[in-house]
file protein-v2.txt (compact mmCIF, C-alpha atoms)
# COMPACT_ATOMS: atom_id res chain seq x y z
CA MET A 1 0.00 0.00 0.00
CA PRO A 2 1.23 3.59 -0.55
CA TYR A 3 2.34 5.60 2.46
CA ARG A 4 2.59 9.35 2.81
CA ALA A 5 4.91 11.72 4.55
CA VAL A 6 3.35 12.89 7.79
CA VAL A 7 4.66 16.06 9.40
CA ILE A 8 2.42 16.92 12.33
CA ALA A 9 4.51 19.89 13.36
CA CYS A 10 3.01 23.32 13.88
CA LEU A 11 4.36 25.72 11.29
CA TRP A 12 6.99 27.13 13.66
CA LEU A 13 9.40 27.50 10.79
CA VAL A 14 7.19 30.05 9.07
CA SER A 15 5.47 31.64 12.05
CA ALA A 16 6.20 31.92 15.74
CA CYS A 17 3.20 29.91 16.92
CA GLY A 18 3.54 28.54 20.42
CA SER A 19 6.18 30.94 21.67
CA GLY A 20 5.78 33.25 24.63
CA GLY A 21 2.97 31.37 26.38
CA GLY A 22 3.78 31.94 29.72
CA GLY A 23 13.95 8.95 31.68
CA ASN A 24 15.55 6.49 32.30
CA GLU A 25 15.70 3.39 30.09
CA GLY A 26 14.03 1.24 32.69
CA ALA A 27 10.91 3.36 33.23
CA GLY A 28 7.87 1.09 33.33
CA SER A 29 4.28 1.69 32.34
CA HIS A 30 3.19 0.95 35.93
CA SER A 31 4.72 4.24 37.07
CA PRO A 32 2.12 7.00 37.43
CA ASN A 33 4.21 9.39 35.34
CA VAL A 34 4.82 7.02 32.41
CA LEU A 35 2.74 6.71 29.24
CA THR A 36 3.21 3.59 27.14
CA VAL A 37 3.63 4.44 23.46
CA THR A 38 3.48 2.09 20.48
CA GLY A 39 3.97 2.05 16.75
CA GLY A 40 2.61 -0.38 14.18
CA ALA A 41 0.10 -1.89 16.59
CA SER A 42 -3.14 -0.27 15.43
CA GLY A 43 -5.54 -0.10 12.53
CA VAL A 44 -6.07 3.64 13.07
CA CYS A 45 -2.48 4.82 13.62
CA ALA A 46 -1.62 2.88 10.48
CA ASN A 47 0.94 5.02 8.70
CA VAL A 48 4.61 4.15 8.99
CA ASN A 49 6.58 5.59 11.92
CA GLN A 50 3.54 6.79 13.85
CA LEU A 51 3.89 6.84 17.64
CA CYS A 52 0.59 6.55 19.50
CA THR A 53 -0.79 6.30 23.04
CA GLN A 54 -4.06 6.64 24.94
CA VAL A 55 -5.47 9.62 26.84
CA THR A 56 -8.43 9.87 29.21
CA ILE A 57 -10.86 12.76 28.70
CA CYS A 58 -13.43 13.69 31.38
CA GLN A 59 -16.14 16.24 31.91
CA PRO A 60 -14.47 18.80 34.21
CA GLY A 61 -14.88 17.94 37.87
CA THR A 62 -16.82 14.72 37.25
CA SER A 63 -16.23 10.99 36.88
CA ALA A 64 -17.77 10.99 33.40
CA CYS A 65 -14.66 9.92 31.49
CA GLN A 66 -13.61 8.25 28.27
CA THR A 67 -10.24 6.69 27.50
CA ILE A 68 -9.37 7.21 23.84
CA SER A 69 -6.70 5.15 22.09
CA ASP A 70 -4.76 5.84 18.89
CA ILE A 71 -3.65 9.30 20.00
CA LEU A 72 -0.62 10.51 18.03
CA VAL A 73 2.27 11.55 20.27
CA ASP A 74 3.66 14.78 18.84
CA THR A 75 6.58 16.84 20.11
CA GLY A 76 6.07 19.21 17.18
CA SER A 77 2.75 20.67 18.34
CA ILE A 78 1.00 21.75 21.52
CA GLY A 79 -2.21 20.53 23.12
CA VAL A 80 -4.82 17.79 23.05
CA ARG A 81 -6.86 17.46 19.86
CA ILE A 82 -9.60 14.83 19.61
CA PHE A 83 -11.91 14.00 16.72
CA GLY A 84 -15.42 14.77 17.91
CA SER A 85 -16.65 11.64 16.13
CA VAL A 86 -14.82 9.43 18.65
CA LEU A 87 -15.72 11.53 21.70
CA SER A 88 -18.81 10.23 23.51
CA ILE A 89 -19.00 12.64 26.46
CA PRO A 90 -20.17 16.26 26.15
CA LEU A 91 -17.70 18.96 27.16
CA GLN A 92 -18.03 22.63 28.07
CA GLN A 93 -17.81 24.94 25.07
CA GLU A 94 -15.45 27.91 25.40
CA VAL A 95 -17.09 31.23 24.49
CA GLU A 96 -15.84 34.72 23.75
CA SER A 97 -19.13 36.22 24.96
CA PRO A 98 -22.75 35.02 25.13
CA GLY A 99 -23.66 33.59 21.74
CA GLN A 100 -20.07 33.76 20.48
CA ILE A 101 -18.51 30.27 20.54
CA ILE A 102 -14.77 29.79 20.02
CA GLY A 103 -13.28 27.56 17.34
CA GLU A 104 -9.76 26.89 16.20
CA CYS A 105 -7.97 26.15 12.96
CA VAL A 106 -4.53 24.57 13.13
CA SER A 107 -2.38 23.82 10.08
CA PHE A 108 0.55 21.46 9.89
CA ALA A 109 3.65 21.31 7.75
CA ASP A 110 2.43 18.38 5.67
CA GLY A 111 -0.47 20.49 4.37
CA SER A 112 -3.15 18.99 6.61
CA ALA A 113 -5.45 21.18 8.70
CA LEU A 114 -7.93 20.68 11.55
CA TRP A 115 -11.01 22.74 12.39
CA GLY A 116 -13.29 22.45 15.40
CA ALA A 117 -14.43 23.67 18.79
CA VAL A 118 -12.32 24.78 21.74
CA GLN A 119 -13.83 23.02 24.75
CA LEU A 120 -12.86 22.55 28.38
CA ALA A 121 -11.95 19.05 29.60
CA ASP A 122 -10.20 17.23 32.39
CA VAL A 123 -7.25 15.38 30.82
CA VAL A 124 -5.59 12.40 32.51
CA LEU A 125 -2.12 11.29 31.39
CA ALA A 126 -1.01 7.89 32.72
CA GLY A 127 -1.60 7.88 36.50
CA GLU A 128 -1.15 11.61 36.98
CA PRO A 129 -3.89 13.80 38.52
CA ALA A 130 -6.43 15.19 36.06
CA VAL A 131 -5.71 18.68 34.74
CA THR A 132 -8.44 21.01 33.49
CA VAL A 133 -7.44 22.44 30.13
CA PRO A 134 -8.95 23.75 26.87
CA ILE A 135 -8.70 21.12 24.12
CA HIS A 136 -9.44 21.15 20.40
CA VAL A 137 -12.45 19.00 19.45
CA ILE A 138 -12.02 18.34 15.73
CA ALA A 139 -15.28 18.70 13.79
CA PRO A 140 -15.43 20.14 10.26
CA THR A 141 -19.12 21.04 10.67
CA PHE A 142 -18.58 22.97 13.92
CA ALA A 143 -20.27 26.40 13.80
CA GLY A 144 -21.93 25.66 10.47
CA GLN A 145 -18.69 25.13 8.58
CA SER A 146 -17.75 22.26 6.24
CA ILE A 147 -14.80 20.17 5.11
CA SER A 148 -14.02 22.57 2.26
CA HIS A 149 -15.49 25.87 3.52
CA ASN A 150 -14.07 26.89 6.87
CA PRO A 151 -11.73 29.43 8.47
CA CYS A 152 -8.71 27.27 7.58
CA ASN A 153 -9.36 28.09 3.91
CA SER A 154 -8.45 24.51 3.00
CA VAL A 155 -9.87 21.02 3.02
CA VAL A 156 -9.73 19.90 6.65
CA ASP A 157 -9.43 16.39 8.04
CA SER A 158 -12.75 14.78 8.92
CA ASP A 159 -12.08 11.05 9.25
CA PRO A 160 -9.78 9.60 11.95
CA ARG A 161 -8.80 6.64 9.77
CA LYS A 162 -7.85 8.86 6.86
CA ALA A 163 -5.97 11.21 9.19
CA GLY A 164 -4.25 8.24 10.81
CA PHE A 165 -5.19 9.04 14.42
CA ASN A 166 -8.13 9.57 16.76
CA GLY A 167 -6.42 12.63 18.16
CA ILE A 168 -3.10 14.30 18.91
CA LEU A 169 -1.24 14.67 22.19
CA GLY A 170 0.93 17.72 21.54
CA ILE A 171 3.68 17.67 24.19
CA GLY A 172 6.19 19.97 22.56
CA LEU A 173 8.27 22.86 23.84
CA PHE A 174 5.57 25.37 24.73
CA THR A 175 2.76 25.84 27.23
CA HIS A 176 0.18 27.27 24.80
CA ASP A 177 -0.32 26.48 21.15
CA CYS A 178 -0.12 30.10 20.04
CA GLY A 179 0.80 32.14 23.13
CA ILE A 180 1.13 35.90 23.04
CA THR A 181 0.98 35.85 19.23
CA CYS A 182 -2.73 35.04 19.47
CA GLU A 183 -3.29 36.89 22.74
CA LEU A 184 -2.29 40.22 21.18
CA ASN A 185 -3.24 39.72 17.53
CA ASP A 186 -6.91 39.52 16.47
CA ASN A 187 -5.92 38.38 12.97
CA ASN A 188 -3.90 35.34 13.95
CA THR A 189 -5.49 32.58 11.76
CA PHE A 190 -5.76 30.26 14.79
CA TYR A 191 -8.71 31.38 16.91
CA PHE A 192 -12.19 32.38 15.74
CA SER A 193 -15.42 33.55 17.32
CA CYS A 194 -18.48 32.14 15.59
CA ALA A 195 -22.18 33.04 15.57
CA ALA A 196 -24.90 32.06 13.11
CA SER A 197 -22.41 30.19 10.87
CA THR A 198 -20.17 33.24 10.58
CA CYS A 199 -16.67 33.06 12.06
CA GLY A 200 -14.16 35.84 12.52
CA SER A 201 -10.61 35.82 13.81
CA ILE A 202 -10.14 36.95 17.42
CA ALA A 203 -7.40 37.64 19.91
CA ALA A 204 -7.53 34.70 22.33
CA PRO A 205 -6.59 35.11 26.01
CA LEU A 206 -4.07 32.56 27.23
CA SER A 207 -6.71 31.02 29.47
CA THR A 208 -8.87 29.99 26.50
CA GLN A 209 -6.06 28.73 24.27
CA VAL A 210 -5.37 25.04 23.71
CA GLN A 211 -2.54 24.13 26.07
CA ASN A 212 0.09 21.50 26.73
CA PRO A 213 -1.43 19.40 29.55
CA VAL A 214 2.01 18.50 30.91
CA TRP A 215 2.80 22.02 32.13
CA LEU A 216 -0.37 22.00 34.27
CA LEU A 217 0.65 18.89 36.25
CA PRO A 218 1.33 19.49 39.95
CA SER A 219 4.93 18.26 39.92
CA ASP A 220 6.00 16.56 36.66
CA LYS A 221 5.33 19.74 34.68
CA ASN A 222 8.68 20.80 33.26
CA GLY A 223 8.98 18.44 30.30
CA VAL A 224 8.88 14.91 28.96
CA ILE A 225 11.33 12.13 28.18
CA LEU A 226 10.89 9.88 25.15
CA THR A 227 12.55 6.46 25.37
CA LEU A 228 12.35 4.30 22.25
CA PRO A 229 14.36 1.23 21.22
CA ASN A 230 16.16 1.03 17.91
CA VAL A 231 15.01 -1.21 15.06
CA PRO A 232 16.92 -3.19 12.40
CA ALA A 233 17.83 -1.56 9.09
CA THR A 234 14.98 -3.48 7.45
CA GLY A 235 12.49 -2.13 9.99
CA ALA A 236 10.23 -3.73 12.58
CA PRO A 237 6.52 -4.63 12.59
CA VAL A 238 5.85 -2.99 15.97
CA LEU A 239 7.49 -0.65 18.44
CA SER A 240 6.97 -0.17 22.17
CA GLY A 241 8.44 2.61 24.28
CA SER A 242 7.57 5.23 26.85
CA VAL A 243 6.96 8.89 27.49
CA THR A 244 8.00 9.81 31.02
CA LEU A 245 6.49 12.99 32.42
CA GLY A 246 8.79 15.40 34.24
CA ILE A 247 12.55 15.97 34.15
CA GLY A 248 14.41 15.48 37.41
CA THR A 249 11.19 15.47 39.45
CA ALA A 250 11.15 11.75 40.36
CA PRO A 251 13.62 8.86 40.56
CA ASN A 252 12.59 7.54 37.13
CA ASN A 253 13.11 10.83 35.27
CA SER A 254 16.49 11.96 36.55
CA PRO A 255 18.83 12.64 33.59
CA PRO A 256 21.86 10.36 33.45
CA PRO A 257 25.38 11.80 33.09
CA GLY A 258 26.44 12.89 29.63
CA ILE A 259 23.17 14.41 28.44
CA SER A 260 23.70 17.49 26.25
CA THR A 261 21.12 20.29 26.27
CA PHE A 262 20.28 22.24 23.10
CA THR A 263 18.23 25.38 23.74
CA THR A 264 15.99 26.58 20.92
CA ASP A 265 15.12 30.01 19.62
CA PRO A 266 11.74 31.56 20.65
CA SER A 267 9.95 29.79 17.79
CA GLY A 268 11.20 26.35 18.88
CA SER A 269 13.87 25.96 16.20
CA LEU A 270 17.42 24.68 16.30
CA THR A 271 19.99 25.04 13.52
CA THR A 272 21.19 22.13 11.41
CA VAL A 273 24.12 22.28 9.02
CA TYR A 274 23.88 19.61 6.31
CA LYS A 275 26.37 19.36 3.45
CA GLY A 276 27.40 22.96 4.06
CA THR A 277 23.84 24.32 4.05
CA THR A 278 22.43 25.92 7.19
CA ALA A 279 18.79 25.13 7.92
CA GLN A 280 16.23 25.82 10.62
CA SER A 281 15.19 22.56 12.22
CA VAL A 282 12.87 20.84 14.68
CA ILE A 283 13.00 17.49 16.48
CA ASP A 284 9.54 16.02 16.03
CA THR A 285 7.94 12.67 16.82
CA GLY A 286 4.96 13.67 14.68
CA SER A 287 7.09 13.55 11.51
CA ASN A 288 7.48 10.03 10.19
CA GLY A 289 10.90 10.49 8.59
CA TYR A 290 13.93 12.70 8.25
CA PHE A 291 12.79 15.53 5.98
CA PHE A 292 15.46 17.71 4.38
CA PRO A 293 16.46 19.02 0.94
CA ASP A 294 19.05 17.01 -1.01
CA SER A 295 18.92 17.08 -4.79
CA THR A 296 21.39 14.18 -5.00
CA LEU A 297 18.89 11.77 -3.45
CA PRO A 298 16.29 10.57 -5.97
CA LEU A 299 12.63 10.63 -5.07
CA CYS A 300 10.67 7.41 -5.05
CA PRO A 301 8.33 6.71 -7.95
CA MET A 302 4.59 7.02 -7.46
CA PRO A 303 2.85 6.40 -5.11
CA ASP A 304 5.69 6.87 -2.58
CA GLN A 305 7.08 10.12 -4.00
CA ASP A 306 7.07 11.75 -0.55
CA PHE A 307 10.24 9.79 0.25
CA TYR A 308 13.77 9.32 -1.06
CA CYS A 309 14.78 6.17 -2.95
CA PRO A 310 18.59 6.07 -3.29
CA LEU A 311 19.91 3.03 -5.16
CA ALA A 312 22.01 2.16 -2.11
CA THR A 313 21.49 3.20 1.50
CA ALA A 314 23.01 6.66 1.98
CA ASN A 315 25.25 7.12 5.01
CA LEU A 316 24.84 10.78 5.99
CA SER A 317 25.49 13.16 8.84
CA ALA A 318 24.46 16.65 9.91
CA THR A 319 25.44 18.92 12.78
CA LEU A 320 22.83 20.24 15.21
CA PHE A 321 23.38 23.57 16.97
CA GLY A 322 21.48 25.00 19.91
CA VAL A 323 21.10 28.70 20.63
CA ASN A 324 23.39 28.01 23.60
CA ALA A 325 26.17 27.10 21.08
CA ARG A 326 25.99 23.40 22.00
CA GLN A 327 26.57 21.26 18.95
CA ALA A 328 26.52 17.58 17.99
CA THR A 329 27.21 15.78 14.74
CA VAL A 330 24.48 13.22 14.16
CA PRO A 331 25.05 10.32 11.74
CA PHE A 332 21.97 8.89 10.05
CA GLN A 333 20.96 6.75 7.10
CA VAL A 334 18.38 7.07 4.35
CA ALA A 335 17.40 3.85 2.62
CA ASN A 336 15.31 3.19 -0.46
CA ALA A 337 11.79 3.74 0.83
CA ALA A 338 10.18 1.72 -1.96
CA ASN A 339 12.16 -1.30 -0.79
CA LEU A 340 11.37 -0.64 2.88
CA LEU A 341 7.63 -0.10 2.66
CA THR A 342 6.72 -3.73 2.06
CA GLY A 343 5.34 -4.92 5.40
CA ASN A 344 7.11 -3.46 8.39
CA ALA A 345 5.80 -0.35 10.16
CA VAL A 346 8.76 1.25 11.95
CA PHE A 347 12.00 2.35 10.29
CA ASN A 348 15.13 4.23 11.40
CA ASN A 349 16.21 5.15 7.86
CA LEU A 350 13.17 6.70 6.19
CA GLY A 351 13.71 10.13 4.66
CA GLY A 352 12.24 12.55 2.18
CA PRO A 353 12.29 16.15 0.92
CA SER A 354 11.28 18.89 3.34
CA PRO A 355 7.57 19.78 3.12
CA PHE A 356 7.85 23.02 5.08
CA LEU A 357 6.55 26.03 3.19
CA SER A 358 9.56 28.22 3.81
CA SER A 359 11.84 30.30 1.61
CA SER A 360 14.88 29.11 3.59
CA PRO A 361 16.16 25.52 3.98
CA THR A 362 14.54 23.41 6.70
CA PHE A 363 15.57 20.14 8.31
CA ASP A 364 13.08 18.02 10.25
CA TRP A 365 14.52 15.37 12.58
CA GLY A 366 11.49 13.08 12.68
CA LEU A 367 10.73 9.84 14.48
CA PRO A 368 13.81 7.96 13.20
CA PHE A 369 15.93 10.38 15.27
CA PHE A 370 14.27 9.10 18.46
CA LEU A 371 14.87 5.40 17.80
CA GLY A 372 17.60 4.07 20.07
CA ARG A 373 17.79 7.36 21.98
CA VAL A 374 16.50 8.93 25.16
CA VAL A 375 15.33 12.44 24.22
CA PHE A 376 14.33 15.13 26.73
CA VAL A 377 11.91 17.94 25.78
CA GLY A 378 12.04 20.89 28.18
CA ILE A 379 8.97 23.13 28.29
CA GLU A 380 9.38 26.91 28.01
CA GLY A 381 9.91 28.77 31.26
CA GLN A 382 10.04 25.60 33.34
CA PRO A 383 13.25 24.97 35.30
CA SER A 384 14.74 21.49 35.44
CA THR A 385 18.02 19.77 36.24
CA LEU A 386 18.95 20.23 32.57
CA GLY A 387 18.13 23.95 32.52
CA THR A 388 15.10 26.07 31.73
CA GLY A 389 13.08 25.34 28.60
CA PRO A 390 12.58 25.49 25.74
CA PHE A 391 15.20 22.88 24.95
CA TYR A 392 15.87 19.42 23.58
CA ALA A 393 18.46 17.21 25.25
CA PHE A 394 19.93 13.83 24.35
call {"tool": "encode", "arguments": {"input": "protein-v2.txt", "output": "structure tokens"}}
result
Amino acid sequence: MPYRAVVIACLWLVSACGSGGGGNEGAGSHSPNVLTVTGGASGVCANVNQLCTQVTICQPGTSACQTISDILVDTGSIGVRIFGSVLSIPLQQEVESPGQIIGECVSFADGSALWGAVQLADVVLAGEPAVTVPIHVIAPTFAGQSISHNPCNSVVDSDPRKAGFNGILGIGLFTHDCGITCELNDNNTFYFSCAASTCGSIAAPLSTQVQNPVWLLPSDKNGVILTLPNVPATGAPVLSGSVTLGIGTAPNNSPPPGISTFTTDPSGSLTTVYKGTTAQSVIDTGSNGYFFPDSTLPLCPMPDQDFYCPLATANLSATLFGVNARQATVPFQVANAANLLTGNAVFNNLGGPSPFLSSSPTFDWGLPFFLGRVVFVGIEGQPSTLGTGPFYAF
């Protein structure tokens, strides 16, 4: 079957969304601060290199709850987003004023977009206490809109199976998905007030914006740790790993010696130098490959043209730089995707051209970067034993 490039990263590389808002290998899923994550084990999260988990959603302050599986784990975006079609409990609608309901449009680097309501929910991650937070309930018909006519000005996702997930758990670098950009700007393309099927862009207070649920936790609020095993060069049918909540807040999330911290710029970007070209870059579990420009690597034939197909596996390297001048040269491989995509679901050597709509070069370190590594994601403004976020560390 054909597979597509998936880049569920907020368009940080072309706009400063998200900025200014405010583990150890042996970690087990029995720990209250550990989420089990899997790849290749679901009929909904069915694309290659998709990392998914489950999240519990409740009516605020009640025991009316629903645990939803097939939630994409995404360090490239912020906040909980759930398809309304899989949500069976009613939630509290956020409003700008009486009769003015709030909706959101979010666009991702792979060209996909989501439209729907901003509603208040209690969110439970692993065994942590519930946190009350605005979430994005995905529904193309919200506020009288449609799949093709909506404030996103594009065709929005409407079917979980076609999207490849029941929802998204955005646990990236920031506390809010738009931050002061949307708080101060009433023409921000994210937040809309709707009445009688008419929606207009609004400035959204931080309190009503979709938020990273991790930063609202009582103690494990300063970041997350992704721990994933490596896979063979030919791939693996399934993957099992963990997301540990908190950095240095419990015995199972204390960083080991030798971890290097790479602080990002205010938009969440690092710098990558590849073959002499300097590019803005992100480290993103929501991207299912390494995505970067290289005219010497041939594209795959249809229907897998989103990926590279070199005749022989390319042994490559690039150097990552943090704003704090920390640097690391990272070796990686890109194999012939047409040969790989024949049965397995998880690969450490899948790559393709960058899909980011940017006039300058971009480099996306997607899920293959995480395989065989322990990667720390420090949330903006939150102190930890590795420093104050936003940062990546590995």
call {"tool": "residues_near_point", "arguments": {"input": "protein-v2.txt", "point": "(19.4, 9.0, 11.8)", "cutoff": "9 Å", "atoms": "all atoms listed in the file", "output": "VMD selection string"}}
result
chain A and resid 290 316 to 317 330 to 334 348 to 350 365 to 366 368 to 371
call {"tool": "closest_residue", "arguments": {"input": "protein-v2.txt", "among": "A:Ser269, A:Thr385, A:Asn49, A:Gln100", "to": "A:Ser240", "atoms": "only C-alpha atoms"}}
result
A:Asn49
call {"tool": "closest_residue", "arguments": {"input": "protein-v2.txt", "among": "A:Leu184, A:Leu239, A:Ala345, A:Ala143", "to": "A:Thr198", "atoms": "all atoms listed in the file"}}
result
A:Ala143
call {"tool": "closest_residue", "arguments": {"input": "protein-v2.txt", "among": "A:Ala139, A:Ala163, A:Ala318, A:Ala46", "to": "A:Thr277", "atoms": "all atoms listed in the file"}}
result
A:Ala318
call {"tool": "residues_near_point", "arguments": {"input": "protein-v2.txt", "point": "(2.3, 3.7, 11.4)", "cutoff": "10 Å", "atoms": "all atoms listed in the file", "output": "list of chain:residue names"}}
result
A:Tyr3, A:Val6, A:Thr38, A:Gly39, A:Gly40, A:Ala41, A:Ser42, A:Gly43, A:Val44, A:Cys45, A:Ala46, A:Asn47, A:Val48, A:Asn49, A:Gln50, A:Leu51, A:Cys52, A:Leu72, A:Gly164, A:Phe165, A:Pro237, A:Val238, A:Leu239, A:Asn288, A:Asn344, A:Ala345, A:Val346, A:Phe347
call {"tool": "closest_residue", "arguments": {"input": "protein-v2.txt", "among": "A:Ile138, A:Ala204, A:Leu226, A:Ile379", "to": "A:Gly167", "atoms": "only C-alpha atoms"}}
result
A:Ile138
call {"tool": "residues_around", "arguments": {"input": "protein-v2.txt", "residues": "A:Asp110", "least_positions_apart": "4", "cutoff": "12 Å", "atoms": "all atoms listed in the file", "output": "MDAnalysis selection string"}}
result
chainID A and resid 4:11 106 163 286:289 291 306 352:357 364
call {"tool": "atom_distance", "arguments": {"input": "protein-v2.txt", "atom1": "atom CA of A:Ser197", "atom2": "atom CA of A:Ala113"}}
result
19.3 Å
call {"tool": "atom_distance", "arguments": {"input": "protein-v2.txt", "atom1": "atom CA of A:Gln327", "atom2": "atom CA of A:Thr272"}}
result
9.3 Å
call {"tool": "atom_distance", "arguments": {"input": "protein-v2.txt", "atom1": "atom CA of A:Asp177", "atom2": "atom CA of A:Pro205"}}
result
11.7 Å
call {"tool": "axis_aligned_box", "arguments": {"input": "protein-v2.txt", "around": "stretch 221-236 of chain A", "padding_each_side": "4 Å", "output": "AutoDock Vina command-line options"}}
result
--center_x 11.6 --center_y 8.5 --center_z 21.1 --size_x 20.5 --size_y 32.5 --size_z 35.2
call {"tool": "residues_around", "arguments": {"input": "protein-v2.txt", "residues": "A:Gln211", "least_positions_apart": "4", "cutoff": "7 Å", "atoms": "all atoms listed in the file", "output": "list in words"}}
result
Ile78, Gly79, Val133, Pro134, Thr175, His176 and Asp177 of chain A
call {"tool": "closest_residue", "arguments": {"input": "protein-v2.txt", "among": "A:Val374, A:Pro255, A:Ala337, A:Thr362", "to": "A:Phe292", "atoms": "all atoms listed in the file"}}
result
A:Thr362
call {"tool": "closest_residue", "arguments": {"input": "protein-v2.txt", "among": "A:Cys65, A:Pro129, A:Gln382, A:Pro303", "to": "A:Leu217", "atoms": "only C-alpha atoms"}}
result
A:Pro129
call {"tool": "residues_around", "arguments": {"input": "protein-v2.txt", "residues": "A:Ala328", "least_positions_apart": "6", "cutoff": "12 Å", "atoms": "all atoms listed in the file", "output": "ChimeraX atom specification"}}
result
/A:259-262,270-273,317-322,393-394
call {"tool": "residues_around", "arguments": {"input": "protein-v2.txt", "residues": "A:Ile225", "least_positions_apart": "5", "cutoff": "8 Å", "atoms": "only C-alpha atoms", "output": "number ranges by chain"}}
result
A: 23, 242-247, 253, 374-377
call {"tool": "build_atoms", "arguments": {"input": "protein-v2.txt", "residues": "stretch 269-281 of chain A", "atoms": "N, CA and C atoms", "output": "tab-separated table (two decimals), in the coordinates of the input"}}
result
chain	number	residue	atom	x	y	z
A	269	SER	N	12.97	26.49	17.22
A	269	SER	CA	13.87	25.96	16.20
A	269	SER	C	15.30	25.84	16.70
A	270	LEU	N	15.97	24.82	16.21
A	270	LEU	CA	17.42	24.68	16.30
A	270	LEU	C	18.01	25.01	14.94
A	271	THR	N	19.31	24.88	14.82
A	271	THR	CA	19.99	25.04	13.52
A	271	THR	C	20.66	23.72	13.16
A	272	THR	N	20.51	23.32	11.92
A	272	THR	CA	21.19	22.13	11.41
A	272	THR	C	22.02	22.53	10.20
A	273	VAL	N	23.26	22.07	10.18
A	273	VAL	CA	24.12	22.28	9.02
A	273	VAL	C	24.29	20.93	8.33
A	274	TYR	N	23.85	20.86	7.08
A	274	TYR	CA	23.88	19.61	6.31
A	274	TYR	C	24.54	19.88	4.97
A	275	LYS	N	25.63	19.20	4.70
A	275	LYS	CA	26.37	19.36	3.45
A	275	LYS	C	26.66	20.83	3.16
A	276	GLY	N	27.03	21.56	4.20
A	276	GLY	CA	27.40	22.96	4.06
A	276	GLY	C	26.25	23.94	4.04
A	277	THR	N	25.01	23.46	4.06
A	277	THR	CA	23.84	24.32	4.05
A	277	THR	C	23.26	24.44	5.45
A	278	THR	N	23.00	25.67	5.86
A	278	THR	CA	22.43	25.92	7.19
A	278	THR	C	20.91	25.97	7.08
A	279	ALA	N	20.24	25.22	7.97
A	279	ALA	CA	18.79	25.13	7.92
A	279	ALA	C	18.20	25.26	9.32
A	280	GLN	N	17.01	25.89	9.39
A	280	GLN	CA	16.23	25.82	10.62
A	280	GLN	C	15.74	24.40	10.79
A	281	SER	N	15.60	23.95	12.05
A	281	SER	CA	15.19	22.56	12.22
A	281	SER	C	14.40	22.36	13.50
